file upload-v5.cif (mmCIF, C-alpha atoms)
data_my_file
loop_
_atom_site.label_atom_id
_atom_site.label_comp_id
_atom_site.auth_asym_id
_atom_site.auth_seq_id
_atom_site.Cartn_x
_atom_site.Cartn_y
_atom_site.Cartn_z
CA MET T 878 -23.97 -7.67 10.43
CA ASN T 879 -23.58 -10.80 8.35
CA LYS T 880 -20.08 -11.78 7.26
CA VAL T 881 -19.54 -14.07 4.27
CA ASN T 882 -16.50 -16.38 4.46
CA LEU T 883 -14.86 -16.38 1.00
CA ARG T 884 -11.85 -18.16 -0.47
CA PRO T 885 -8.56 -16.22 -0.10
CA THR T 886 -8.01 -13.67 -2.88
CA THR T 887 -6.01 -10.45 -3.23
CA THR T 888 -8.47 -8.13 -1.49
CA MET T 889 -7.12 -4.86 -0.08
CA PHE T 890 -7.81 -1.18 -0.59
CA PRO T 891 -6.81 1.49 -1.09
CA LEU T 892 -3.44 0.52 -2.57
CA PRO T 893 -0.95 2.94 -4.14
CA VAL T 894 -0.93 2.74 -7.95
CA MET T 895 2.54 3.68 -9.10
CA LEU T 896 4.45 4.07 -12.36
CA ILE T 897 7.76 2.25 -11.90
CA THR T 898 10.58 3.21 -14.28
CA CYS T 899 13.61 1.09 -15.00
CA VAL T 900 16.25 0.73 -17.75
CA ASP T 901 17.74 -2.03 -19.86
CA GLY T 902 21.48 -2.56 -20.30
CA SER T 903 21.64 0.05 -23.07
CA GLY T 904 19.88 2.68 -20.96
CA LYS T 905 16.54 2.40 -22.79
CA PRO T 906 13.81 3.15 -20.24
CA ASN T 907 10.58 1.27 -19.56
CA ILE T 908 7.49 1.89 -17.40
CA ILE T 909 5.40 -0.66 -15.49
CA THR T 910 2.28 0.14 -13.47
CA LEU T 911 2.16 -1.66 -10.13
CA ALA T 912 -0.19 -1.65 -7.16
CA TRP T 913 1.59 -4.38 -5.16
CA VAL T 914 3.69 -1.51 -3.72
CA GLY T 915 4.15 -0.21 -0.18
CA MET T 916 6.26 1.54 2.43
CA VAL T 917 8.09 -1.11 4.44
CA ASN T 918 10.69 0.70 6.57
CA SER T 919 11.12 4.21 8.01
CA ASP T 920 14.83 4.40 8.78
CA PRO T 921 16.26 4.13 6.22
CA PRO T 922 13.13 4.83 4.13
CA MET T 923 12.38 1.71 2.07
CA VAL T 924 9.62 0.73 -0.34
CA SER T 925 8.65 -2.67 -1.69
CA ILE T 926 7.42 -3.51 -5.18
CA SER T 927 6.28 -6.97 -6.28
CA ILE T 928 6.78 -8.04 -9.90
CA ARG T 929 5.96 -11.31 -11.65
CA PRO T 930 9.14 -12.93 -13.07
CA SER T 931 7.43 -13.11 -16.50
CA ARG T 932 7.12 -9.32 -16.74
CA TYR T 933 9.70 -7.47 -18.87
CA SER T 934 10.52 -5.02 -16.04
CA HIS T 935 11.37 -7.89 -13.66
CA GLY T 936 14.58 -8.68 -15.53
CA LEU T 937 15.47 -5.01 -15.89
CA VAL T 938 15.13 -4.24 -12.17
CA LYS T 939 16.91 -7.45 -11.22
CA ALA T 940 19.86 -6.68 -13.53
CA SER T 941 20.17 -2.97 -12.74
CA GLN T 942 19.32 -3.29 -9.00
CA GLU T 943 17.44 0.01 -9.13
CA PHE T 944 14.10 1.60 -10.04
CA VAL T 945 12.14 4.82 -9.64
CA VAL T 946 8.66 5.01 -8.08
CA ASN T 947 6.72 7.79 -9.84
CA ILE T 948 3.45 8.86 -8.16
CA PRO T 949 0.89 9.73 -10.87
CA SER T 950 -2.00 12.20 -10.68
CA LYS T 951 -5.60 11.36 -11.50
CA GLU T 952 -5.58 13.14 -14.88
CA MET T 953 -2.99 10.53 -15.98
CA ILE T 954 -5.22 7.57 -15.14
CA ARG T 955 -5.67 6.26 -18.69
CA LYS T 956 -1.88 6.28 -19.21
CA VAL T 957 -1.48 4.56 -15.84
CA ASP T 958 -3.84 1.78 -16.93
CA LEU T 959 -2.16 1.45 -20.33
CA CYS T 960 1.30 1.00 -18.74
CA GLY T 961 -0.13 -1.88 -16.71
CA VAL T 962 -1.66 -3.80 -19.59
CA VAL T 963 0.92 -3.62 -22.41
CA SER T 964 4.47 -5.01 -22.33
CA GLY T 965 7.70 -3.07 -22.77
CA ARG T 966 8.84 -6.02 -24.92
CA ASP T 967 6.31 -4.91 -27.58
CA VAL T 968 5.75 -1.20 -26.98
CA ASP T 969 7.89 1.86 -26.13
CA LYS T 970 5.62 3.11 -23.36
CA PHE T 971 7.21 6.58 -23.22
CA SER T 972 6.46 7.08 -26.94
CA GLU T 973 3.02 5.50 -26.63
CA THR T 974 1.92 7.65 -23.68
CA GLY T 975 3.86 10.84 -24.44
CA LEU T 976 5.25 10.80 -20.89
CA THR T 977 8.65 12.49 -20.54
CA PRO T 978 11.74 10.73 -19.12
CA ILE T 979 14.13 13.09 -17.32
CA PRO T 980 17.43 12.21 -15.62
CA ALA T 981 17.44 11.08 -12.00
CA ALA T 982 20.13 12.12 -9.48
CA GLU T 983 21.36 8.79 -8.09
CA VAL T 984 20.16 6.07 -10.48
CA SER T 985 20.13 5.42 -14.24
CA SER T 986 16.35 4.90 -14.43
CA PRO T 987 14.56 8.11 -15.44
CA LEU T 988 12.03 10.16 -13.52
CA ILE T 989 8.67 10.71 -15.22
CA GLU T 990 8.45 14.51 -15.45
CA GLU T 991 4.63 14.60 -15.39
CA CYS T 992 4.46 12.74 -12.05
CA PRO T 993 4.61 15.27 -9.19
CA ILE T 994 6.61 12.96 -6.90
CA ASN T 995 9.50 10.65 -7.84
CA LEU T 996 11.34 8.29 -5.46
CA GLU T 997 14.72 6.98 -6.63
CA CYS T 998 15.38 3.51 -5.19
CA LYS T 999 18.28 1.06 -4.99
CA VAL T 1000 17.43 -2.62 -4.53
CA ARG T 1001 18.56 -4.00 -1.13
CA LYS T 1002 16.80 -7.41 -1.14
CA ILE T 1003 14.85 -9.65 -3.51
CA ILE T 1004 12.48 -12.15 -1.88
CA PRO T 1005 10.72 -14.77 -4.06
CA LEU T 1006 7.18 -15.35 -2.75
CA GLY T 1007 5.49 -17.49 -5.40
CA SER T 1008 3.78 -15.70 -8.28
CA HIS T 1009 5.78 -12.53 -7.56
CA ASP T 1010 9.26 -11.53 -6.42
CA LEU T 1011 9.35 -8.82 -3.75
CA PHE T 1012 11.98 -6.14 -4.40
CA ILE T 1013 12.91 -4.05 -1.34
CA GLY T 1014 14.27 -0.67 -2.45
CA GLU T 1015 15.92 1.97 -0.31
CA ILE T 1016 14.85 5.49 -1.26
CA VAL T 1017 18.07 7.36 -2.10
CA ALA T 1018 16.56 10.60 -3.48
CA ILE T 1019 13.14 12.24 -3.70
CA HIS T 1020 11.94 14.84 -6.17
CA ILE T 1021 8.74 16.82 -5.59
CA GLU T 1022 7.13 19.31 -7.94
CA ASP T 1023 7.21 22.67 -6.13
CA THR T 1024 3.53 23.33 -6.91
CA VAL T 1025 2.44 20.40 -4.68
CA LEU T 1026 4.69 21.30 -1.71
CA LYS T 1027 3.37 22.94 1.47
CA GLU T 1028 5.12 24.11 4.64
CA LYS T 1029 7.68 21.79 6.33
CA GLY T 1030 8.27 19.88 3.09
CA ARG T 1031 4.84 18.22 3.31
CA VAL T 1032 2.84 17.33 0.22
CA ASP T 1033 -0.49 19.00 -0.56
CA ILE T 1034 -2.65 15.97 -1.40
CA ALA T 1035 -5.38 18.21 -2.85
CA LYS T 1036 -2.82 19.30 -5.47
CA ALA T 1037 -0.92 16.02 -5.99
CA LEU T 1038 -4.25 14.22 -6.66
CA PRO T 1039 -3.00 10.65 -6.26
CA VAL T 1040 -4.87 7.56 -7.40
CA ALA T 1041 -5.77 4.44 -5.42
CA TYR T 1042 -6.16 0.93 -6.78
CA CYS T 1043 -8.84 -1.07 -5.02
CA ALA T 1044 -7.94 -4.76 -5.33
CA GLY T 1045 -11.08 -6.75 -4.65
CA ALA T 1046 -13.01 -4.29 -6.84
CA HIS T 1047 -10.45 -3.99 -9.71
CA GLU T 1048 -11.06 -0.22 -9.73
CA TYR T 1049 -9.07 3.02 -9.69
CA TRP T 1050 -10.38 5.72 -7.32
CA SER T 1051 -9.48 9.34 -6.65
CA MET T 1052 -9.07 10.80 -3.16
CA GLY T 1053 -12.11 12.42 -1.53
CA LYS T 1054 -11.73 14.48 1.65
CA LYS T 1055 -9.16 14.88 4.39
CA LEU T 1056 -10.53 13.04 7.46
CA GLY T 1057 -7.82 13.90 10.00
CA TRP T 1058 -4.10 13.69 10.53
CA TYR T 1059 -1.87 11.17 12.29
CA GLY T 1060 -2.26 11.62 16.06
CA TYR T 1061 -5.28 13.95 15.88
CA SER T 1062 -7.27 11.79 18.32
CA LYS T 1063 -4.54 12.27 20.97
CA GLY T 1064 -5.51 8.75 22.11
CA LYS T 1065 -9.07 9.80 23.09
CA LEU T 1066 -12.45 9.18 21.48
CA MET U 441 7.57 22.13 -13.97
CA ASN U 442 10.15 22.64 -11.24
CA LYS U 443 11.18 19.64 -9.17
CA VAL U 444 12.75 20.08 -5.74
CA ASN U 445 15.31 17.42 -4.73
CA LEU U 446 14.66 16.55 -1.06
CA ARG U 447 16.32 14.21 1.42
CA PRO U 448 14.84 10.68 1.45
CA THR U 449 11.78 10.36 3.69
CA THR U 450 8.78 8.01 3.84
CA THR U 451 6.69 9.69 1.12
CA MET U 452 4.00 7.61 -0.59
CA PHE U 453 0.26 7.86 -1.02
CA PRO U 454 -2.35 6.59 -0.88
CA LEU U 455 -1.45 3.78 1.53
CA PRO U 456 -3.90 1.34 3.10
CA VAL U 457 -4.59 2.14 6.76
CA MET U 458 -5.46 -1.11 8.48
CA LEU U 459 -6.41 -2.34 11.93
CA ILE U 460 -4.24 -5.37 12.65
CA THR U 461 -5.45 -7.74 15.36
CA CYS U 462 -3.26 -10.23 17.23
CA VAL U 463 -3.32 -12.15 20.52
CA ASP U 464 -1.00 -12.76 23.45
CA GLY U 465 -0.22 -16.22 24.87
CA SER U 466 -3.38 -16.18 27.00
CA GLY U 467 -5.60 -15.30 24.03
CA LYS U 468 -6.09 -11.62 25.02
CA PRO U 469 -6.46 -9.62 21.80
CA ASN U 470 -4.80 -6.36 20.78
CA ILE U 471 -5.20 -3.92 17.89
CA ILE U 472 -2.48 -1.91 16.12
CA THR U 473 -3.10 0.55 13.30
CA LEU U 474 -0.57 0.26 10.48
CA ALA U 475 -0.09 1.92 7.10
CA TRP U 476 3.17 0.17 6.17
CA VAL U 477 0.96 -2.57 4.73
CA GLY U 478 0.56 -3.94 1.20
CA MET U 479 -0.32 -6.78 -1.14
CA VAL U 480 2.88 -8.59 -2.08
CA ASN U 481 1.89 -11.81 -3.86
CA SER U 482 -1.11 -13.02 -5.85
CA ASP U 483 -0.76 -16.80 -5.75
CA PRO U 484 -0.96 -17.61 -2.93
CA PRO U 485 -2.42 -14.26 -1.82
CA MET U 486 0.02 -12.65 0.61
CA VAL U 487 0.15 -9.33 2.42
CA SER U 488 3.02 -7.62 4.20
CA ILE U 489 2.89 -5.59 7.41
CA SER U 490 5.88 -3.75 8.90
CA ILE U 491 6.10 -3.32 12.67
CA ARG U 492 8.79 -1.68 14.83
CA PRO U 493 10.32 -4.23 17.26
CA SER U 494 9.53 -1.84 20.15
CA ARG U 495 5.77 -2.07 19.53
CA TYR U 496 3.72 -4.38 21.76
CA SER U 497 2.10 -6.12 18.76
CA HIS U 498 5.51 -7.02 17.29
CA GLY U 499 6.16 -9.62 19.98
CA LEU U 500 2.60 -10.95 19.78
CA VAL U 501 2.70 -11.49 16.00
CA LYS U 502 6.21 -12.96 16.18
CA ALA U 503 5.20 -15.43 18.90
CA SER U 504 1.83 -16.44 17.45
CA GLN U 505 2.92 -16.36 13.77
CA GLU U 506 -0.49 -14.99 12.76
CA PHE U 507 -2.53 -11.79 12.52
CA VAL U 508 -5.75 -10.45 11.01
CA VAL U 509 -5.91 -7.43 8.67
CA ASN U 510 -9.21 -5.60 9.30
CA ILE U 511 -10.15 -2.94 6.72
CA PRO U 512 -11.87 -0.04 8.50
CA SER U 513 -14.49 2.36 7.13
CA LYS U 514 -14.22 6.13 7.25
CA GLU U 515 -16.72 6.56 10.09
CA MET U 516 -14.22 4.65 12.28
CA ILE U 517 -11.37 7.07 11.58
CA ARG U 518 -10.98 8.44 15.12
CA LYS U 519 -10.76 4.88 16.50
CA VAL U 520 -8.27 4.05 13.76
CA ASP U 521 -6.07 6.96 14.80
CA LEU U 522 -6.40 6.08 18.49
CA CYS U 523 -5.24 2.48 17.89
CA GLY U 524 -2.12 3.87 16.23
CA VAL U 525 -1.08 6.23 19.02
CA VAL U 526 -1.68 4.28 22.25
CA SER U 527 0.02 1.03 23.29
CA GLY U 528 -1.63 -2.28 24.06
CA ARG U 529 0.81 -2.50 26.98
CA ASP U 530 -1.14 0.33 28.68
CA VAL U 531 -4.64 0.20 27.23
CA ASP U 532 -7.18 -2.50 26.29
CA LYS U 533 -7.97 -1.06 22.86
CA PHE U 534 -11.13 -3.14 22.38
CA SER U 535 -12.57 -1.70 25.63
CA GLU U 536 -11.30 1.80 24.87
CA THR U 537 -12.78 1.92 21.35
CA GLY U 538 -15.86 -0.26 21.86
CA LEU U 539 -14.85 -2.34 18.83
CA THR U 540 -16.07 -5.94 18.94
CA PRO U 541 -13.74 -8.97 18.68
CA ILE U 542 -15.38 -12.00 17.05
CA PRO U 543 -13.81 -15.42 16.39
CA ALA U 544 -11.86 -16.02 13.19
CA ALA U 545 -12.02 -19.30 11.22
CA GLU U 546 -8.35 -20.28 10.88
CA VAL U 547 -6.39 -18.22 13.43
CA SER U 548 -6.66 -17.32 17.13
CA SER U 549 -6.56 -13.56 16.52
CA PRO U 550 -10.07 -12.09 16.39
CA LEU U 551 -11.84 -10.32 13.55
CA ILE U 552 -13.11 -6.80 14.26
CA GLU U 553 -16.85 -7.10 13.64
CA GLU U 554 -17.30 -3.43 12.66
CA CYS U 555 -14.72 -3.68 9.83
CA PRO U 556 -16.47 -4.79 6.63
CA ILE U 557 -13.51 -6.86 5.42
CA ASN U 558 -11.21 -9.12 7.46
CA LEU U 559 -8.21 -11.05 6.14
CA GLU U 560 -6.90 -13.89 8.31
CA CYS U 561 -3.15 -14.33 7.82
CA LYS U 562 -0.44 -16.80 8.81
CA VAL U 563 3.15 -15.54 8.95
CA ARG U 564 5.39 -17.11 6.28
CA LYS U 565 8.52 -14.92 6.57
CA ILE U 566 9.94 -12.22 8.83
CA ILE U 567 12.51 -9.90 7.25
CA PRO U 568 14.37 -7.36 9.44
CA LEU U 569 14.89 -4.12 7.49
CA GLY U 570 16.18 -1.61 10.05
CA SER U 571 13.61 0.36 12.03
CA HIS U 572 10.91 -2.18 11.14
CA ASP U 573 10.54 -5.93 10.67
CA LEU U 574 8.56 -6.97 7.58
CA PHE U 575 6.07 -9.77 8.27
CA ILE U 576 4.84 -11.62 5.17
CA GLY U 577 1.45 -13.19 5.82
CA GLU U 578 -0.44 -15.62 3.64
CA ILE U 579 -4.17 -14.92 3.55
CA VAL U 580 -5.88 -18.13 4.72
CA ALA U 581 -9.47 -16.86 4.99
CA ILE U 582 -11.44 -13.74 4.06
CA HIS U 583 -14.66 -12.43 5.58
CA ILE U 584 -16.74 -9.76 3.87
CA GLU U 585 -19.86 -8.07 5.21
CA ASP U 586 -22.67 -9.01 2.82
CA THR U 587 -23.85 -5.40 2.56
CA VAL U 588 -20.59 -4.38 0.79
CA LEU U 589 -20.55 -7.30 -1.67
CA LYS U 590 -21.51 -6.91 -5.36
CA GLU U 591 -21.75 -9.45 -8.18
CA LYS U 592 -18.86 -11.93 -8.73
CA GLY U 593 -17.69 -11.54 -5.12
CA ARG U 594 -16.38 -8.04 -5.79
CA VAL U 595 -16.44 -5.33 -3.14
CA ASP U 596 -18.56 -2.18 -3.53
CA ILE U 597 -16.03 0.52 -2.60
CA ALA U 598 -18.79 3.14 -2.33
CA LYS U 599 -20.22 1.05 0.53
CA ALA U 600 -16.99 -0.21 2.14
CA LEU U 601 -15.72 3.41 2.38
CA PRO U 602 -12.05 2.62 3.02
CA VAL U 603 -9.51 5.14 4.30
CA ALA U 604 -6.12 6.06 2.86
CA TYR U 605 -3.07 7.24 4.79
CA CYS U 606 -0.99 9.74 2.90
CA ALA U 607 2.59 9.48 4.18
CA GLY U 608 4.37 12.67 3.23
CA ALA U 609 1.30 14.64 4.33
CA HIS U 610 0.57 12.70 7.60
CA GLU U 611 -3.13 12.76 6.69
CA TYR U 612 -6.06 10.33 6.44
CA TRP U 613 -8.25 10.72 3.31
CA SER U 614 -11.50 9.18 2.14
CA MET U 615 -12.06 7.84 -1.37
CA GLY U 616 -13.53 10.21 -3.98
CA LYS U 617 -14.75 8.89 -7.32
CA LYS U 618 -14.24 5.78 -9.42
CA LEU U 619 -11.88 6.73 -12.27
CA GLY U 620 -11.85 3.47 -14.22
CA TRP U 621 -11.16 -0.21 -13.82
CA TYR U 622 -8.11 -2.38 -14.43
CA GLY U 623 -7.70 -2.84 -18.17
CA TYR U 624 -10.28 -0.24 -19.20
CA SER U 625 -7.81 1.50 -21.56
CA LYS U 626 -7.38 -1.75 -23.51
CA GLY U 627 -3.80 -0.53 -24.09
CA LYS U 628 -4.93 2.54 -26.10
CA LEU U 629 -5.04 6.25 -25.23
#
call {"tool": "encode", "arguments": {"input": "upload-v5.cif", "output": "structure tokens"}}
result
Amino acid sequence: MNKVNLRPTTTMFPLPVMLITCVDGSGKPNIITLAWVGMVNSDPPMVSISIRPSRYSHGLVKASQEFVVNIPSKEMIRKVDLCGVVSGRDVDKFSETGLTPIPAAEVSSPLIEECPINLECKVRKIIPLGSHDLFIGEIVAIHIEDTVLKEKGRVDIAKALPVAYCAGAHEYWSMGKKLGWYGYSKGKL
Amino acid sequence: MNKVNLRPTTTMFPLPVMLITCVDGSGKPNIITLAWVGMVNSDPPMVSISIRPSRYSHGLVKASQEFVVNIPSKEMIRKVDLCGVVSGRDVDKFSETGLTPIPAAEVSSPLIEECPINLECKVRKIIPLGSHDLFIGEIVAIHIEDTVLKEKGRVDIAKALPVAYCAGAHEYWSMGKKLGWYGYSKGKL
């Protein structure tokens, strides 16, 4: 084993790659693709998303204090990439991608119909960190496509087909095989 | 398409599943497996990890103001699960798993030699959220096994073989195939 000591960079994988929806003051929706996203709290369930202040969606989420996390499937990957590289200031990303906005239950931002899982979030904290502001959102409603649901309300990953972003490689990857489940080792090798 | 509206739960995938190392006041190291982990800032590079205050590692990270994020490979999955279900109060997880602590460059917490990537972090903020406290760590040094490095300092994901945790399914998954790279759509479908 030979470890190389490198300068600090954003190196972590796999990361969730998510389509975040938000709305402007008139209710016009936008989409931004983010991978600086994570679960941060279990009770209540909270997610974090980091957005650069220069991005169009930053102002929308800050003003509306809400957003929706839409989990895309791998067949949407080109649309996922597109929504990360063009700006909602210049392009209507719903028109451009053909993705379908449908009403949410608790927030004004739309769900993306084609995404099998949608998490409606209300902003609880905003923490400036430097290049990005960290928005902490409490999940207030979840929508799951019935075709990806299994017993006990669990998601069938082999049907949801989520995508990972591998920062440090700049690549999108699909899921491979199930390796185990939380607690399967029962604390023994 | 038929979406089912469910009560809010921690549903998101794929999430990074990471071995976090920390030390007590005497320098004795511990390992905790976490999936509530993410990249949160690009400049400077910062990660977040969420830990329940009841966990042994919570007090260690809070007191030392540092930790290391070690990215495991899929062949380590049973050890990864074990380090998430037993407590460092009861078990020496390095002895139990046979994983090897080696000195870091900038912090007292050790690197795990068997993990191909190690991110040394210093705590910059602690944000209580409810069940968990969110620790924001600035990456101060990175170590990468030379066998997983490609050109331009990028990581070869097909060699690093990272693992995802799928919250909402309670499952660990391997990576499948490369689907594309950031910007490959050039903003066009």
call {"tool": "resolve_selection", "arguments": {"input": "upload-v5.cif", "expression": "the PyMOL selection byres ((chain T and resi 931) around 12)", "output": "NGL selection string"}}
result
:T and (927-930 or 932-937 or 964-966 or 1008-1010)
call {"tool": "write_last_selection", "arguments": {"input": "upload-v5.cif", "atoms": "C-alpha atoms", "output": "PDB file, in the frame of the given file"}}
result
ATOM      1  CA  SER T 927       6.280  -6.970  -6.280  1.00  0.00           C
ATOM      2  CA  ILE T 928       6.780  -8.040  -9.900  1.00  0.00           C
ATOM      3  CA  ARG T 929       5.960 -11.310 -11.650  1.00  0.00           C
ATOM      4  CA  PRO T 930       9.140 -12.930 -13.070  1.00  0.00           C
ATOM      5  CA  ARG T 932       7.120  -9.320 -16.740  1.00  0.00           C
ATOM      6  CA  TYR T 933       9.700  -7.470 -18.870  1.00  0.00           C
ATOM      7  CA  SER T 934      10.520  -5.020 -16.040  1.00  0.00           C
ATOM      8  CA  HIS T 935      11.370  -7.890 -13.660  1.00  0.00           C
ATOM      9  CA  GLY T 936      14.580  -8.680 -15.530  1.00  0.00           C
ATOM     10  CA  LEU T 937      15.470  -5.010 -15.890  1.00  0.00           C
ATOM     11  CA  SER T 964       4.470  -5.010 -22.330  1.00  0.00           C
ATOM     12  CA  GLY T 965       7.700  -3.070 -22.770  1.00  0.00           C
ATOM     13  CA  ARG T 966       8.840  -6.020 -24.920  1.00  0.00           C
ATOM     14  CA  SER T1008       3.780 -15.700  -8.280  1.00  0.00           C
ATOM     15  CA  HIS T1009       5.780 -12.530  -7.560  1.00  0.00           C
ATOM     16  CA  ASP T1010       9.260 -11.530  -6.420  1.00  0.00           C
TER      17      ASP T1010
END
call {"tool": "resolve_selection", "arguments": {"input": "upload-v5.cif", "expression": "the PyMOL selection byres ((chain U) within 6 of (chain T))", "output": "ChimeraX atom specification"}}
result
/U:442-446,448-450,453-456,476,478-481,483,485,490,518,522,525-526,571-572,579-586,594-595,608-622,625,627
call {"tool": "closest_residue", "arguments": {"input": "upload-v5.cif", "among": "T:Met953, T:Ala1035, T:Val968, T:Val984", "to": "Gly904 in chain T", "atoms": "only C-alpha atoms"}}
result
T:Val984
call {"tool": "residues_near_point", "arguments": {"input": "upload-v5.cif", "point": "(-12.8, -10.0, 15.4)", "cutoff": "7 Å", "atoms": "only C-alpha atoms", "output": "list in words"}}
result
Thr540, Pro541, Ile542, Pro543, Ala544, Pro550, Leu551, Ile552 and Glu553 of chain U
call {"tool": "atom_distance", "arguments": {"input": "upload-v5.cif", "atom1": "CA of Ser941 in chain T", "atom2": "CA of Ile908 in chain T"}}
result
14.4 Å
call {"tool": "atom_distance", "arguments": {"input": "upload-v5.cif", "atom1": "CA of Lys533 in chain U", "atom2": "CA of Leu459 in chain U"}}
result
11.1 Å
call {"tool": "axis_aligned_box", "arguments": {"input": "upload-v5.cif", "around": "range 445-457 of chain U", "padding_each_side": "3 Å", "output": "lines of an AutoDock Vina configuration file"}}
result
center_x = 5.9
center_y = 9.4
center_z = 1.0
size_x = 26.9
size_y = 22.1
size_z = 17.5
call {"tool": "atom_distance", "arguments": {"input": "upload-v5.cif", "atom1": "CA of Asn470 in chain U", "atom2": "CA of Val501 in chain U"}}
result
10.3 Å
call {"tool": "closest_residue", "arguments": {"input": "upload-v5.cif", "among": "U:Ser513, U:Ser535, U:Ser549, U:Gln505", "to": "Ile460 in chain U", "atoms": "all atoms listed in the file"}}
result
U:Ser549
